[in-house]
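Working notes for the structure below.
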Amino acid sequence: MPSVIRVPAEAQPSPHFDAIAATNAYLAQIPADKTARSDAYFEGGYWMILWDFLYGVAVVLLLLNLRWSARMRDLSERVTRFKPVHTFVYWLQYLVLTTILGFPLTVYEDYFREHKYGLATQSFGPWMGDQAKGLCVGLVLGGLLAMLLFGVVRRFPRTWWIWGAVVTILFSTFTVLIAPVYIVPIFNKVTRLDDPKIVDPILSMARANGIPARDVYTMDASRQSTRMSANVSGFANTMRITLNDNLLRRGSPEEIEAVMGHEMGHYVLHHIYKDVMFISIVIVLSFAYLYWGLTWALQRWGEKWQIRGVGDTAVLPLVILLVLILGFVITPIMNTQTRTEEYEADMYGLNTSRLPDGFAQAAIHLGEYRKMNPGPIEELIFFDHPSGRNRIYAAMRWKAENLKLFAAQ
């Protein structure tokens, strides 16, 4: 994608301004080979959803049918009779084994494929270092959650699915709370941005919208990727609005302000709290589904897999199998929920920053790894953000309805 994106003539304010013509003019600035490249990358992601699902199913079925899961449980019991430690030892074996079995797909998807499309910057050694860090984080957080959930199942054999949902919701909320301060810095250096040319307009915009932001943060995402992005993470006292250094280096001031207006929209519209509520509903329904699915599957295959019951740690691959199936089926629902919030934040950002051309520039840069012009069904199923064309059109439509702002300039 072009590093510097100019406002095309058709997007300049005029009495005959047309939002569709302006949108097409912006899209025409993208070289055809770049469009083909980003389309190929994003469409390949559709297949990766399928391969990730099938590969994950194959791995857990392998653990069940070869009774490796039962053997890991037996080894854990020989190590200790203390149930929480027994659960943690099983989780350690499970995580390491599934990481090894899944490594071929992981290294292709997250390393070779990203380099093929020019989106990755890490050599193999640093990439493996981040994988090792992720494994450690998964060991600690996953181990804690596994101990809590299996403890719940053993304590409440009939109503475990209700209490398990409550524990999972609280644990997920806790993870979101600590992530900006304790997890993100494991992988990237997050620093306070001090450039007044960038910070002052952003903080002014925040104050004007009632956001108690004192600082703007930047993250050294360029050590891993060429992607330009920003995000709002955490909540309450750990809430942070962060832009990565790729956006800081390549984006115009108007583009940066437009993007940060979008991120402020997530905060003002309480999307993090709404996400917690939405995910909580999904978690409760998922545990009800697990209660039914585990009961049915264990009655049919439990003896073959040498699983003693729901409270047996050897049941974990079966739990993962059911979760994989559910996650695959509800992918369009999850994408639609996220895409809806992103559209709301887009509208808020446009009204806050009043920089539709900066917003259009950002949409084009995001098109480096997102298909710009999908079909409506394609966007409904696979997109967790509005498509690039729709985002640019929304910005140009906003501009068309607010031409007097630009005529005054």
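Every chain in the structure tokens takes a letter, A first, then B, and so on in the order presented; its residues are numbered from 1, and the ligands are numbered from 1 following the presented order.
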Near Val153 of chain A, counting only C-alpha atoms, which residues have an atom at most 12 Å away, once you skip same-chain residues fewer than 3 positions from it, shown as a list in words?
Lys83, Ala146, Met147, Leu148, Leu149, Phe150, Phe156, Pro157, Arg158, Thr159, Trp160, Trp161, Ile162, Trp163, Gly164, Ala165, Val167, Phe287, Tyr291, Gly309, Val310, Gly311, Asp312, Thr313 and Val315 of chain A
Counting only C-alpha atoms, which residues of segment 27-90 of chain A sit at most 12 Å from some atom of segment 353-366 of chain A, and what is each one's closest atom pair with its distance in Å to one decimal, listed by chain and rising residue number, as a Markdown table?
| residue | atom | partner | partner_atom | distance |
| --- | --- | --- | --- | --- |
| A:Leu27 | CA | A:Ile364 | CA | 7.6 |
| A:Ala28 | CA | A:Ile364 | CA | 10.5 |
| A:Gln29 | CA | A:Ile364 | CA | 9.1 |
| A:Ile30 | CA | A:Ile364 | CA | 7.7 |
| A:Pro31 | CA | A:Ile364 | CA | 11.2 |
| A:Lys34 | CA | A:Ile364 | CA | 10.8 |
| A:Thr35 | CA | A:Ile364 | CA | 10.1 |
| A:Ser38 | CA | A:Leu366 | CA | 9.7 |
| A:Phe42 | CA | A:Leu366 | CA | 11.6 |
So which residues touch segment 112-117 of chain A within 10 Å, counting only C-alpha atoms, skipping near sequence neighbours fewer than 2 positions away, as a ChimeraX atom specification?
/A:37-38,40-41,44,106-110,119-124,225-226,368-369
Polymer residues at most 10 Å from Glu401 of chain A, only C-alpha atoms, same-chain spacing of 4 or more positions, as a list in words:
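My reading of the contact set: Phe17, Ala19, Met396, Arg397 and Leu405 of chain A.
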Mind listing the alpha helix (DSSP H) residues of segment 117-271 of chain A, per DSSP on the backbone, as a PyMOL selection string?
chain A and resi 124-155+160-178+184-187+196-208+245-250+253-268+271
d(atom CA of Ala221 of chain A, atom CA of Asn246 of chain A) in Å
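Answer for the atom CA of Ala221 of chain A to atom CA of Asn246 of chain A separation: 6.9 Å.
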Nearby residues (only C-alpha atoms) at most 7 Å from Gly388 of chain A, same-chain spacing under 3 positions excluded, as number ranges by chain:
A: 363-364, 367, 372-373, 391-392
Give me the residues near segment 193-208 of chain A as a ChimeraX atom specification, where near means some atom within 6 Å (using only C-alpha atoms) and where sequence neighbours in that chain fewer than 2 positions away do not count.
/A:210-211,216-218
For the selection you just gave me, I'd like the residues written to a file as a short mmCIF file (atom, residue, chain, number, x, y, z; two decimals), in the first residue's frame, keeping N, CA, C and O atoms.
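This went into selection-v8.cif:
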data_model
loop_
_atom_site.label_atom_id
_atom_site.label_comp_id
_atom_site.auth_asym_id
_atom_site.auth_seq_id
_atom_site.Cartn_x
_atom_site.Cartn_y
_atom_site.Cartn_z
N GLY A 210 -14.72 13.96 27.43
CA GLY A 210 -14.91 13.47 28.78
C GLY A 210 -14.11 12.24 29.13
O GLY A 210 -14.50 11.48 30.03
N ILE A 211 -12.99 12.03 28.44
CA ILE A 211 -12.16 10.86 28.71
C ILE A 211 -11.01 11.28 29.62
O ILE A 211 -10.23 12.17 29.27
N VAL A 216 -0.68 9.08 26.35
CA VAL A 216 -0.85 8.27 25.16
C VAL A 216 0.37 7.35 25.10
O VAL A 216 1.50 7.78 25.35
N TYR A 217 0.14 6.10 24.78
CA TYR A 217 1.22 5.12 24.79
C TYR A 217 1.52 4.62 23.39
O TYR A 217 0.67 4.65 22.50
N THR A 218 2.75 4.20 23.20
CA THR A 218 3.16 3.59 21.94
C THR A 218 3.84 2.26 22.23
O THR A 218 4.45 2.08 23.30
#
Env of Tyr267 of chain A: 12 Å cut, atoms = only C-alpha atoms, seq-sep filter 6 positions within chain, self excluded. Answer as JSON, numbers by chain.
{"A": [206, 209, 210, 211, 212, 213, 231, 232, 233, 234, 235, 236, 239, 240, 241, 260, 261, 273, 274, 275, 341, 342, 344, 345, 348, 349]}
